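Reviewing the structure listed below.
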Amino acid sequence: MVGVSEWPTPAAYPDPELAEHITYNPSLDALREFSSSLESTTEYGSASYVSEYRSRSADRTKNVVDANFGEDDFTVFEQGLDWVNDPSNDVICVDRVVGRHPDSSYVCRLFLPKEYGRIALSWAKLLEPAEGKEPDFVTVQLPDATNEPRIRVLPDEGLTTVLGSDYTGEAKKSFLRLFMLRAKEQGGLGLHAGSKRVTLDDDQGSREVGQLFLGLSGTGKSTLTSHGLWLDDPEGVEMIQDDVCALLPSGTVAGSEGGGLYIKTIGLDSDEQPELHDAATDESAVLENVAVDDDGTVHFEEPRYGRNARAVVKRDHLESSADGIDLERVDQVFFITRNPLMPPVARLSDEQAAVAFMLGESIETSAGDPSKAGESIRVVGTNPFIVGSEGAEGNRFRDLIADLDVECYVINTGAVGTDDPADVGVEETVSILEGVARGSIEWTYDDDLDLTVPSDVPGIEIEQFCVPDRVDDFVTAQAGLREERLSYLDQFDDLDDDIRDATY
């Protein structure tokens with residue numbers, strides 16, 4: 001056995017163009033054919049599959065930076081490497097590129113058993129083809145290798161091996177995790193965020209506003225990122241990226257996925273999300289764990305296979321999708337929360353924004369731990385794919401937004417209050433986002449919340465969302481929440497004191 005210190009590199013894997021047992025970069029049609037026995041064809045002519053694992057196995061994922069690896073961990077890579085090299089195996093290999101920006105673009109190589117071509121089919125539609133370049137990142141995914149998933153990552157080497165899971169999200173995130181890490185190594189920061197460009201033309205003149213939305217999968221990030229804010233020409237919105245970006249020191253936000261989006265489909269509504277619904281019902285889409293009858297009828301509203309049903313949809317089937325995937329400059333960052341003790345929107349100082357980044361307050365979704373879906377959760381940066389010190393990420397976030405003069409906000413897309421709560425609906429959220437973009441909201445400091453909140457928002461009666469009015473014994477509840485937050489932040493030794501002291 002190779003010693004634990006002698007990690008493999010991408011060069012250790014066979015050249016797929018020379019190895020006769022490897023089918024290299026087959027067409028999308030061929031990838032679909034390889035998994036034809038697993039396919040249900042929908043009424044739209046698209047492919048639909050049901051996986052055994054229906055979410056990421058986060059608790060079975062380890063990287064060598066944040067965990068102590070031993071020989072058992074190394075054997076995961078050895079097993080993957082041996083499998084790829086074995087000429088008796090039917091191996092497929094697909095190369096794609098994550099990112100387009102010259103400082104943030106990487107060739108990704110995915111090895112899979114041929115019968116799991118469906119995983120490569122979905123993944124390949126998210127990214128763009130590579131042009132004969134050597135890989136920066138390599139992932140081997142062997143769904144049938146073990147009874148329980150074992151996922152191991154060598155970040156410096158750019159290697160991931162996934163044993164025992166057939167979930168497409170494992171392949172997708174294996175590469176995006178490393179994309180985000182490389183951004184941090186370059187002085188920037190990888191973000192689990194969607195990006196959009198808002199074009200405005202009003203009495204303040206014609207201008208563009210770059211926005212980022214940070215939130216856990218399933219909390220509305222895709223919806224807010226793609227929402228057109230009901231603007232009319234010459235104003236409008238372009239969706240840049242849906243899932244993962246890299247905030248570079250220059251202020252540019254480099255995108256990652258140039259081919260498609262991996263959207264949640266439970267509750268996908270043709271009236272509220274017409275663009276996403278149209279893309280998901282196109283024959284080019286690939287459905288995963290969506291309820292599909294024997295006759296091909298699709299039921300997006302039905303959690304037949306759990307609540308993490310997904311669809312890979314093509315960018316070119318979204319009218320609001322921009323041609324490029326990089327945002328030239330970010331002006332505003334929004335943290336999505338569902339905390340009932342938070343107002344619909346609050347404007348944050350740089351240090352408070354770093355607090356919001358560190359808290360990552362949201363609700364657990366079926367994309368993370370289905371057994372805890374709906375429970376309150378805190379995830380630094382709403383990003384469960386951080387490699388290295390999380391406290392250092394908070395410090396880096398504060399420094400970047402301060403240097404780049406970025407405005408930061410926290411928005412509550414759930415309900416305000418615990419007693420007679422007031423729901424924050426789509427109309428209210430859109431009015432807030434438009435008001436922030438235009439700079440038309442009037443702000444005031446709220447001593448009770450220790451936050452800057454709106455006193456006037458065009459289009460809505462903001463008074464109805466007064467948090468203290470909707471929480472019995474608000475003072476006790478607020479004090480308890482702050483104490484929880486401080487206790488949570490205490491675990492991050494690398495986090496600067498001025499950030500912790502800004503806890504609201």
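In the structure tokens, chains take the letters A, B, ... in the order shown, each chain's residues start at 1, and ligands count up from 1 in the order shown.
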Once you count only C-alpha atoms, what closest atom pair and distance in Å to one decimal does each residue of range 297-364 of chain A within 12 Å of range 269-276 of chain A have, with rows by chain and rising residue number, as a tab-separated table?
residue	atom	partner	partner_atom	distance
A:His299	CA	A:Asp269	CA	10.8
A:Phe300	CA	A:Asp269	CA	8.2
A:Glu301	CA	A:Asp269	CA	8.4
A:Arg310	CA	A:Leu276	CA	11.7
A:Ala311	CA	A:Leu276	CA	9.7
A:Val312	CA	A:Leu276	CA	10.4
A:Val313	CA	A:Leu276	CA	8.0
A:Lys314	CA	A:Leu276	CA	9.8
A:Arg315	CA	A:Leu276	CA	9.9
A:Asp316	CA	A:Glu275	CA	11.0
A:His317	CA	A:Glu275	CA	8.0
A:Leu318	CA	A:Glu275	CA	5.8
A:Glu319	CA	A:Glu275	CA	7.0
A:Ser320	CA	A:Glu275	CA	8.0
A:Ser321	CA	A:Glu275	CA	9.8
I need the residues from that last selection saved to file as a PDB file, in the first residue's frame (with C-alpha atoms), if you can.
ATOM      1  CA  HIS A 299     -46.069  15.897 -10.280  1.00  0.00           C
ATOM      2  CA  PHE A 300     -43.694  18.573  -9.024  1.00  0.00           C
ATOM      3  CA  GLU A 301     -45.800  19.160  -5.923  1.00  0.00           C
ATOM      4  CA  ARG A 310     -34.305  18.170  -8.346  1.00  0.00           C
ATOM      5  CA  ALA A 311     -34.043  19.123 -11.984  1.00  0.00           C
ATOM      6  CA  VAL A 312     -31.053  20.072 -14.072  1.00  0.00           C
ATOM      7  CA  VAL A 313     -32.218  22.834 -16.402  1.00  0.00           C
ATOM      8  CA  LYS A 314     -30.298  24.571 -19.160  1.00  0.00           C
ATOM      9  CA  ARG A 315     -29.379  28.249 -18.853  1.00  0.00           C
ATOM     10  CA  ASP A 316     -30.387  28.910 -22.446  1.00  0.00           C
ATOM     11  CA  HIS A 317     -33.963  27.947 -21.553  1.00  0.00           C
ATOM     12  CA  LEU A 318     -34.172  30.775 -19.009  1.00  0.00           C
ATOM     13  CA  GLU A 319     -35.128  34.136 -20.491  1.00  0.00           C
ATOM     14  CA  SER A 320     -33.575  36.030 -17.579  1.00  0.00           C
ATOM     15  CA  SER A 321     -30.259  34.195 -17.844  1.00  0.00           C
TER      16      SER A 321
END
I'd like the contact shell of Gly210 in chain A - 8 Å cut-off, only C-alpha atoms, skipping same-chain residues fewer than 6 positions apart - returned as an mmCIF file with C-alpha atoms, in the first residue's frame.
data_model
loop_
_atom_site.group_PDB
_atom_site.id
_atom_site.type_symbol
_atom_site.label_atom_id
_atom_site.label_comp_id
_atom_site.auth_asym_id
_atom_site.auth_seq_id
_atom_site.Cartn_x
_atom_site.Cartn_y
_atom_site.Cartn_z
ATOM 1 C CA SER A 195 -25.773 36.402 -8.385
ATOM 2 C CA LYS A 196 -27.851 38.758 -10.524
ATOM 3 C CA ARG A 197 -27.606 42.067 -12.333
ATOM 4 C CA VAL A 198 -30.412 44.620 -11.918
ATOM 5 C CA LEU A 327 -20.698 39.631 -12.337
ATOM 6 C CA GLU A 328 -18.407 42.574 -13.046
ATOM 7 C CA ARG A 329 -18.957 44.051 -9.601
ATOM 8 C CA VAL A 330 -21.074 43.293 -6.562
ATOM 9 C CA ASP A 331 -22.862 46.210 -4.917
ATOM 10 C CA GLN A 332 -25.235 44.476 -2.499
#
Task: Nearest residue to Asp420 in chain A from the set A:Gln186, A:Asn25, A:Ser389, A:Gln464 (distances using only C-alpha atoms) - done: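 Going through A:Gln186, A:Asn25, A:Ser389, A:Gln464 one by one, the smallest distance to Asp420 in chain A is for A:Gln464.
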Open item on the list: With only C-alpha atoms as the counted atoms, please give the residues lying no more than 10 Å from Leu489 in chain A, apart from itself and same-chain residues fewer than 5 positions off, as a list of chain:residue names.
Closed with: A:Val355, A:Met358, A:Leu359, A:Val380, A:Gly391, A:Glu483, A:Glu484, A:Leu495, A:Ile499, A:Arg500, A:Thr503
Can those selected residues be exported to a file as a compact mmCIF listing (two decimals), in the first residue's frame so that it contains C-alpha atoms?
# COMPACT_ATOMS: atom_id res chain seq x y z
CA VAL A 355 -21.75 38.29 12.03
CA MET A 358 -20.80 33.54 10.52
CA LEU A 359 -24.27 32.84 11.90
CA VAL A 380 -21.13 29.56 8.42
CA GLY A 391 -13.44 31.97 11.54
CA GLU A 483 -26.85 34.90 24.05
CA GLU A 484 -27.27 31.91 21.72
CA LEU A 495 -12.78 35.04 14.43
CA ILE A 499 -16.90 40.86 14.67
CA ARG A 500 -18.04 38.98 17.75
CA THR A 503 -23.44 40.54 17.44
- [ ] Could you give me, as a PyMOL selection string, the residues within 10 Å of Ser174 in chain A, counting only C-alpha atoms and dropping anything in the same chain fewer than 6 positions from it?
- [x] chain A and resi 108+110+137-141+151-153+155+158-162+385
Open item on the list: So that I can check the secondary structure, give me every residue of range 189-252 of chain A assigned strand (DSSP E or B) by backbone DSSP, as a VMD selection string.
Closed with: chain A and resid 189 to 191 193 to 202 205 to 214 236 to 241 245 to 247
TODO: Return the single residue from A:Gly388, A:Gly258, A:Gly45, A:Gly417 that is closest to Asp66 in chain A, with distances computed using only C-alpha atoms.
DONE: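 Smallest distance to Asp66 in chain A is found for A:Gly388.
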